[in-house]
$ cat data.csv   # CSV, C-alpha atoms
chain,number,residue,atom,x,y,z
A,24,MET,CA,61.2,10.3,34.1
A,25,LEU,CA,62.3,9.2,30.6
A,26,THR,CA,59.3,6.9,30.5
A,27,VAL,CA,57.0,9.8,31.3
A,28,LEU,CA,58.7,11.9,28.6
A,29,ALA,CA,58.3,9.1,26.1
A,30,ALA,CA,54.7,8.7,27.0
A,31,GLY,CA,54.0,12.3,26.3
A,32,SER,CA,55.9,12.0,23.0
A,33,VAL,CA,53.5,9.2,21.9
A,34,PHE,CA,50.3,10.5,23.5
A,35,PHE,CA,49.9,14.0,21.9
A,36,PRO,CA,50.9,13.1,18.3
A,37,GLY,CA,49.0,9.8,18.6
A,38,LEU,CA,45.9,11.6,19.8
A,39,PHE,CA,46.2,14.0,16.9
A,40,LEU,CA,46.6,11.2,14.3
A,41,LEU,CA,43.7,9.2,15.9
A,42,SER,CA,41.4,12.1,15.9
A,43,LYS,CA,42.2,13.1,12.3
A,44,GLN,CA,41.7,9.5,11.1
A,45,CYS,CA,38.3,9.2,12.9
A,46,LEU,CA,37.0,12.5,11.5
A,47,LYS,CA,38.0,11.4,8.0
A,48,SER,CA,36.7,7.8,8.3
A,49,PHE,CA,33.4,8.0,10.3
A,50,PRO,CA,30.5,7.6,7.7
A,51,ALA,CA,28.6,10.4,9.4
A,52,LEU,CA,31.5,12.8,9.1
A,53,ARG,CA,33.8,12.0,6.2
A,54,TRP,CA,35.7,15.3,6.7
A,55,SER,CA,38.4,16.5,4.4
A,56,GLU,CA,42.0,16.2,5.3
A,57,ARG,CA,42.2,20.0,5.9
A,58,ASP,CA,39.2,20.1,8.2
A,59,ALA,CA,40.3,17.0,10.1
A,60,VAL,CA,43.8,18.4,10.7
A,61,ILE,CA,42.5,21.8,11.9
A,62,VAL,CA,39.9,20.4,14.3
A,63,SER,CA,42.2,17.6,15.6
A,64,ALA,CA,44.8,20.2,16.5
A,65,ARG,CA,42.2,22.1,18.5
A,66,LEU,CA,41.1,18.9,20.2
A,67,VAL,CA,44.6,18.0,21.3
A,68,SER,CA,45.2,21.5,22.6
A,69,SER,CA,41.9,21.3,24.6
A,70,VAL,CA,42.8,17.9,26.0
A,71,GLN,CA,46.2,19.1,27.1
A,72,ALA,CA,44.6,22.1,28.7
A,73,VAL,CA,42.1,20.0,30.7
A,74,MET,CA,44.9,17.7,31.9
A,75,ALA,CA,47.2,20.6,32.9
A,76,SER,CA,44.4,22.5,34.7
A,77,SER,CA,43.4,19.3,36.6
A,78,ALA,CA,47.0,18.6,37.5
A,79,GLY,CA,47.4,22.2,38.6
A,80,TYR,CA,44.3,22.1,40.8
A,81,ILE,CA,45.4,18.9,42.5
A,82,ILE,CA,48.9,20.2,43.1
A,83,ALA,CA,47.9,23.7,44.4
A,84,SER,CA,45.1,22.3,46.6
A,85,SER,CA,47.5,19.8,48.3
A,86,CYS,CA,50.2,22.3,49.2
A,87,GLU,CA,49.7,23.9,52.6
A,88,ASP,CA,53.2,25.4,52.6
A,89,ILE,CA,53.4,27.2,49.3
A,90,ILE,CA,57.2,27.0,49.3
A,91,GLU,CA,58.3,23.8,50.9
A,92,ASP,CA,55.4,21.3,50.2
A,93,GLN,CA,55.9,19.0,47.2
A,94,HIS,CA,53.6,16.9,45.1
A,95,TRP,CA,54.8,14.1,42.8
A,96,LEU,CA,52.5,15.2,40.0
A,97,THR,CA,54.4,18.5,39.5
A,98,SER,CA,57.6,17.2,37.8
A,99,THR,CA,55.7,14.3,36.3
A,100,TYR,CA,53.3,16.4,34.4
A,101,ILE,CA,56.0,18.8,33.3
A,102,MET,CA,57.9,15.9,31.8
A,103,PHE,CA,54.7,14.5,30.2
A,104,ALA,CA,53.7,17.9,28.7
A,105,VAL,CA,57.1,19.0,27.3
A,106,PRO,CA,56.6,17.0,24.0
A,107,TYR,CA,53.2,18.7,23.5
A,108,PHE,CA,54.9,22.1,22.8
A,109,VAL,CA,57.2,20.5,20.2
A,110,TYR,CA,54.2,18.7,18.6
A,111,ASP,CA,52.1,21.9,18.7
A,112,ILE,CA,54.7,23.8,16.6
A,113,TYR,CA,54.2,21.1,13.9
A,114,ALA,CA,50.4,21.1,14.4
A,115,MET,CA,50.2,24.9,14.0
A,116,PHE,CA,52.2,24.7,10.8
A,117,MET,CA,50.0,22.0,9.4
A,118,CYS,CA,46.9,24.2,10.1
A,119,TYR,CA,48.6,27.1,8.5
A,120,TRP,CA,49.6,25.0,5.5
A,121,TYR,CA,46.1,23.8,4.8
A,122,LYS,CA,44.5,27.2,5.3
A,123,ILE,CA,46.7,28.8,2.7
A,124,GLN,CA,45.7,26.1,0.2
A,125,VAL,CA,42.1,27.2,0.2
A,126,LYS,CA,41.2,29.0,-3.0
A,127,GLY,CA,41.1,32.7,-2.7
A,128,HIS,CA,43.4,33.0,0.4
A,129,GLU,CA,46.0,35.5,-0.4
A,130,GLU,CA,48.5,37.4,1.7
A,131,ALA,CA,50.0,40.7,0.8
A,132,THR,CA,52.1,38.8,-1.7
A,133,ALA,CA,51.3,35.5,-3.5
A,134,VAL,CA,50.4,32.5,-1.4
A,135,PRO,CA,53.4,30.3,-0.7
A,136,ARG,CA,53.3,27.3,-3.0
A,137,SER,CA,56.1,25.2,-1.7
A,138,MET,CA,56.5,23.7,1.8
A,139,SER,CA,59.8,25.6,2.4
A,140,SER,CA,58.3,29.0,1.5
A,141,ALA,CA,55.2,28.2,3.5
A,142,LEU,CA,57.4,27.3,6.5
A,143,THR,CA,59.3,30.6,6.2
A,144,SER,CA,56.0,32.5,6.0
A,145,TYR,CA,54.6,30.6,9.0
A,146,LEU,CA,57.6,31.3,11.2
A,147,ARG,CA,57.4,35.0,10.3
A,148,ARG,CA,53.6,35.2,10.9
A,149,GLU,CA,53.6,33.1,14.1
A,150,PHE,CA,57.0,34.2,15.5
A,151,LEU,CA,55.7,35.1,18.9
A,152,MET,CA,53.8,31.8,19.4
A,153,VAL,CA,56.7,29.7,18.1
A,154,LEU,CA,59.1,31.6,20.4
A,155,HIS,CA,56.7,31.0,23.3
A,156,HIS,CA,56.8,27.3,22.7
A,157,VAL,CA,60.6,27.1,22.2
A,158,VAL,CA,61.1,29.0,25.5
A,159,MET,CA,58.7,26.6,27.3
A,160,VAL,CA,60.9,23.7,26.2
A,161,THR,CA,64.4,25.1,26.4
A,162,VAL,CA,64.0,27.4,29.5
A,163,CYS,CA,60.9,26.8,31.5
A,164,PHE,CA,61.3,23.0,31.4
A,165,PRO,CA,64.8,22.8,32.9
A,166,VAL,CA,64.1,25.6,35.4
A,167,SER,CA,60.9,23.9,36.6
A,168,VAL,CA,62.3,20.4,36.8
A,169,PHE,CA,66.0,20.9,37.9
A,170,TRP,CA,66.6,24.5,39.1
A,171,ARG,CA,63.7,24.7,41.6
A,172,GLN,CA,65.0,21.7,43.5
A,173,GLY,CA,61.5,20.7,44.5
A,174,ARG,CA,60.5,24.0,46.0
A,175,GLY,CA,57.4,26.1,45.0
A,176,ASP,CA,55.2,23.3,43.7
A,177,TYR,CA,52.2,25.4,44.7
A,178,PHE,CA,53.3,28.2,42.3
A,179,GLN,CA,53.8,25.6,39.5
A,180,GLY,CA,50.4,24.2,40.1
A,181,VAL,CA,48.7,27.6,39.8
A,182,MET,CA,50.6,28.3,36.6
A,183,PHE,CA,49.3,25.0,35.2
A,184,MET,CA,45.7,26.3,35.8
A,185,ALA,CA,46.4,29.1,33.3
A,186,GLU,CA,45.3,26.6,30.7
A,187,VAL,CA,41.7,26.9,31.9
A,188,SER,CA,41.2,29.5,29.1
A,189,THR,CA,42.5,27.3,26.3
A,190,PRO,CA,39.3,25.2,25.5
A,191,SER,CA,37.2,28.3,24.9
A,192,VAL,CA,40.0,29.6,22.7
A,193,CYS,CA,40.0,26.4,20.7
A,194,LEU,CA,36.2,26.3,20.4
A,195,GLY,CA,36.3,29.9,19.2
A,196,LYS,CA,38.8,29.0,16.4
A,197,ILE,CA,36.6,26.1,15.2
A,198,LEU,CA,33.5,28.3,15.2
A,199,ILE,CA,35.3,30.9,13.1
A,200,GLN,CA,36.6,28.2,10.8
A,201,TYR,CA,33.1,27.2,10.0
A,202,LYS,CA,31.8,30.8,9.8
A,203,GLN,CA,29.6,30.6,12.9
A,204,GLN,CA,30.5,34.1,14.2
A,205,HIS,CA,26.8,35.1,14.1
A,206,THR,CA,25.7,32.4,16.5
A,207,LEU,CA,24.8,32.8,20.2
A,208,LEU,CA,27.3,30.0,21.0
A,209,HIS,CA,30.2,32.1,19.5
A,210,LYS,CA,29.2,35.2,21.6
A,211,VAL,CA,28.9,33.2,24.8
A,212,ASN,CA,32.2,31.4,24.1
A,213,GLY,CA,33.8,34.8,23.3
A,214,ALA,CA,32.7,36.2,26.7
A,215,LEU,CA,33.9,33.1,28.5
A,216,MET,CA,37.2,33.3,26.7
A,217,LEU,CA,37.6,37.0,27.7
A,218,ILE,CA,36.9,36.3,31.3
A,219,THR,CA,38.9,33.1,31.7
A,220,PHE,CA,41.9,34.6,29.9
A,221,PHE,CA,41.9,37.7,32.1
A,222,ILE,CA,41.6,35.7,35.3
A,223,CYS,CA,43.8,32.8,34.6
A,224,ARG,CA,46.6,34.5,32.5
A,225,VAL,CA,46.6,38.3,33.0
A,226,LEU,CA,46.0,38.1,36.8
A,227,LEU,CA,48.2,35.0,37.2
A,228,PHE,CA,51.5,36.7,38.3
A,229,PRO,CA,49.9,39.5,40.4
A,230,TYR,CA,48.1,36.7,42.3
A,231,LEU,CA,51.3,34.7,42.8
A,232,TYR,CA,53.0,37.9,44.1
A,233,TYR,CA,50.1,38.5,46.4
A,234,VAL,CA,50.2,35.0,47.8
A,235,TYR,CA,53.9,35.2,48.4
A,236,GLY,CA,53.4,38.5,50.1
A,237,ARG,CA,51.0,36.9,52.5
A,238,TYR,CA,53.3,34.0,53.1
A,239,ALA,CA,56.3,36.2,53.8
A,240,SER,CA,54.2,38.8,55.7
A,241,ILE,CA,55.2,41.7,53.5
A,242,PRO,CA,53.1,44.2,51.6
A,243,PHE,CA,52.2,43.4,48.1
A,244,TYR,CA,54.2,46.3,46.6
A,245,MET,CA,57.3,45.1,48.4
A,246,VAL,CA,57.2,41.6,46.9
A,247,PRO,CA,59.1,42.5,43.7
A,248,LEU,CA,61.9,44.0,45.8
A,249,SER,CA,62.0,40.9,48.1
A,250,VAL,CA,62.2,38.1,45.5
A,251,PRO,CA,65.4,37.3,43.4
A,252,TRP,CA,65.8,39.5,40.3
A,253,HIS,CA,65.6,36.5,38.0
A,254,CYS,CA,62.1,35.7,39.4
A,255,ASN,CA,60.9,39.2,38.4
A,256,LEU,CA,62.6,38.9,35.0
A,257,GLY,CA,60.9,35.5,34.3
A,258,ALA,CA,57.5,36.7,35.4
A,259,ALA,CA,57.8,39.8,33.2
A,260,LEU,CA,58.9,37.8,30.1
A,261,LEU,CA,56.0,35.3,30.6
A,262,MET,CA,53.5,38.1,31.3
A,263,ALA,CA,54.3,40.3,28.3
A,264,PRO,CA,52.9,38.0,25.6
A,265,GLN,CA,49.8,37.3,27.7
A,266,LEU,CA,49.1,41.1,27.8
A,267,TYR,CA,49.6,41.3,24.1
A,268,TRP,CA,47.3,38.4,23.3
A,269,PHE,CA,44.7,39.8,25.8
A,270,SER,CA,44.7,43.1,24.0
A,271,LEU,CA,44.0,41.2,20.7
A,272,ILE,CA,41.1,39.4,22.4
A,273,CYS,CA,39.7,42.6,23.7
A,274,ARG,CA,39.8,44.1,20.2
A,275,GLY,CA,38.1,41.1,18.8
A,276,ALA,CA,35.5,41.1,21.6
A,277,LEU,CA,34.7,44.8,20.9
A,278,ARG,CA,34.1,44.0,17.2
A,279,LEU,CA,32.1,41.0,18.1
A,280,PHE,CA,29.7,42.6,20.6
A,281,THR,CA,29.4,45.9,18.9
A,282,GLY,CA,28.9,44.3,15.4
A,283,THR,CA,31.5,46.6,13.8
A,284,SER,CA,34.0,45.6,11.2
A,285,ARG,CA,36.0,47.5,8.6
A,286,SER,CA,36.2,44.5,6.4
A,287,ARG,CA,32.6,44.3,5.4
A,288,ILE,CA,32.3,44.1,1.7
A,289,PRO,CA,29.8,46.4,0.0
A,290,PRO,CA,27.1,44.8,-2.2
A,291,ARG,CA,28.2,44.0,-5.7
A,292,THR,CA,26.5,44.7,-8.9
A,293,SER,CA,25.1,41.8,-10.8
A,294,ALA,CA,27.7,42.4,-13.5
A,295,ALA,CA,30.5,41.2,-11.3
A,296,PRO,CA,31.7,37.7,-12.2
A,297,LYS,CA,30.6,35.0,-9.7
A,298,GLU,CA,34.1,33.6,-9.5
A,299,GLN,CA,35.5,37.0,-8.6
A,300,GLN,CA,32.9,37.4,-5.9
A,301,LYS,CA,33.8,34.1,-4.4
A,302,MET,CA,37.5,35.0,-4.2
A,303,ASP,CA,36.8,38.5,-2.8
A,304,ASP,CA,34.4,37.2,-0.2
A,305,THR,CA,36.9,34.6,1.2
A,306,ALA,CA,38.6,35.8,4.4
A,307,LEU,CA,42.3,35.9,4.7
A,308,PRO,CA,43.7,32.8,6.5
A,309,GLN,CA,43.7,32.9,10.3
A,310,PRO,CA,47.0,32.8,12.1
A,311,ALA,CA,47.7,29.2,13.1
A,312,ASN,CA,47.6,30.2,16.7
A,313,GLY,CA,44.3,32.0,16.3
A,314,TYR,CA,45.6,35.4,17.4
A,315,SER,CA,45.4,38.2,14.9
A,316,THR,CA,46.9,41.7,14.7
A,317,ARG,CA,44.8,42.7,11.7
A,318,PRO,CA,42.2,45.3,12.8
A,319,THR,CA,40.0,44.4,9.8
A,320,GLU,CA,39.0,40.9,11.0
A,321,PRO,CA,35.4,40.8,12.0
A,322,GLU,CA,35.6,37.9,14.3
A,323,LEU,CA,37.0,37.3,17.8
A,324,THR,CA,40.3,35.5,17.3
A,325,THR,CA,42.8,34.1,19.8
A,326,HIS,CA,45.4,30.7,21.2
$ encode --input "data.csv" --output "structure tokens"
Amino acid sequence: MLTVLAAGSVFFPGLFLLSKQCLKSFPALRWSERDAVIVSARLVSSVQAVMASSAGYIIASSCEDIIEDQHWLTSTYIMFAVPYFVYDIYAMFMCYWYKIQVKGHEEATAVPRSMSSALTSYLRREFLMVLHHVVMVTVCFPVSVFWRQGRGDYFQGVMFMAEVSTPSVCLGKILIQYKQQHTLLHKVNGALMLITFFICRVLLFPYLYYVYGRYASIPFYMVPLSVPWHCNLGAALLMAPQLYWFSLICRGALRLFTGTSRSRIPPRTSAAPKEQQKMDDTALPQPANGYSTRPTEPELTTH
């Protein structure tokens, strides 16, 4: 198990560094450090999502008894993926750091100029996503590997498949980063993200409750009363941020497909200095995780 944990600790940061170096070095690309960091972080997240979803499908499809059947890939992939959440906190911070360095990016106060102040600003802005990652490592990891005692691999596999929505989320971030919100690809990807997030994350726990109800031969509405209280508590705590993020996706989708935005800047007179126009037309930095609570953002933004 320690070997698998070490492999994950090398794989995800290594893939990030390799991708960043390739994007900066290839003659046809020659991307800046900032662009390479942001796109590489999205790439690693997408790779992890594909791996988790594939592992989840293999596990879930191999379990006939949803409680007792086991698959070796369950605990193995959990051990392999744990370092990803630690790495991703760092990767999100680096994305945030490079975004606030762009000329014209300003928050309500001055842009943080030191690494320590930027870190404080990042933790405040991305508190929910950082908390999510910390809980995954400190709570979900020991529960999934040790407390379950090998039972419920089917449920663990289905939960892995929640990551199906992540590649479309990452692609959406990249398209927004390069101001491609007007393209057909962005709209198609936005619709795909909305659908996959709803099916794979919002409906996740209702589906698991439904499956357990069929297994135990009890009505769906009786399942919460039949399972241990800590299972209901864990499901509620994991479900809450998904509902919050889905509401942000819906708001972004509404703006995207209706073409409405409160942040459109009225035409300027020719007397306005060009430099001032550049600064005013530059959007505020996206949250490192891609979700946004600002109602003025014109684009669909999400994880």
$ atom_distance --input "data.csv" --atom1 "CA of Met74 in chain A" --atom2 "CA of Pro229 in chain A"
23.9 Å
$ closest_residue --input "data.csv" --among "A:Phe178, A:Tyr110, A:Phe164, A:Trp252" --to "Phe228 in chain A" --atoms "only C-alpha atoms"
A:Phe178
$ residues_around --input "data.csv" --residues "range 231-242 of chain A" --least-positions-apart "3" --cutoff "12 Å" --atoms "all atoms listed in the file" --output "count of residues only"
28
$ atom_distance --input "data.csv" --atom1 "CA of Leu96 in chain A" --atom2 "CA of Val162 in chain A"
19.8 Å
$ atom_distance --input "data.csv" --atom1 "CA of Met159 in chain A" --atom2 "CA of Phe220 in chain A"
18.8 Å
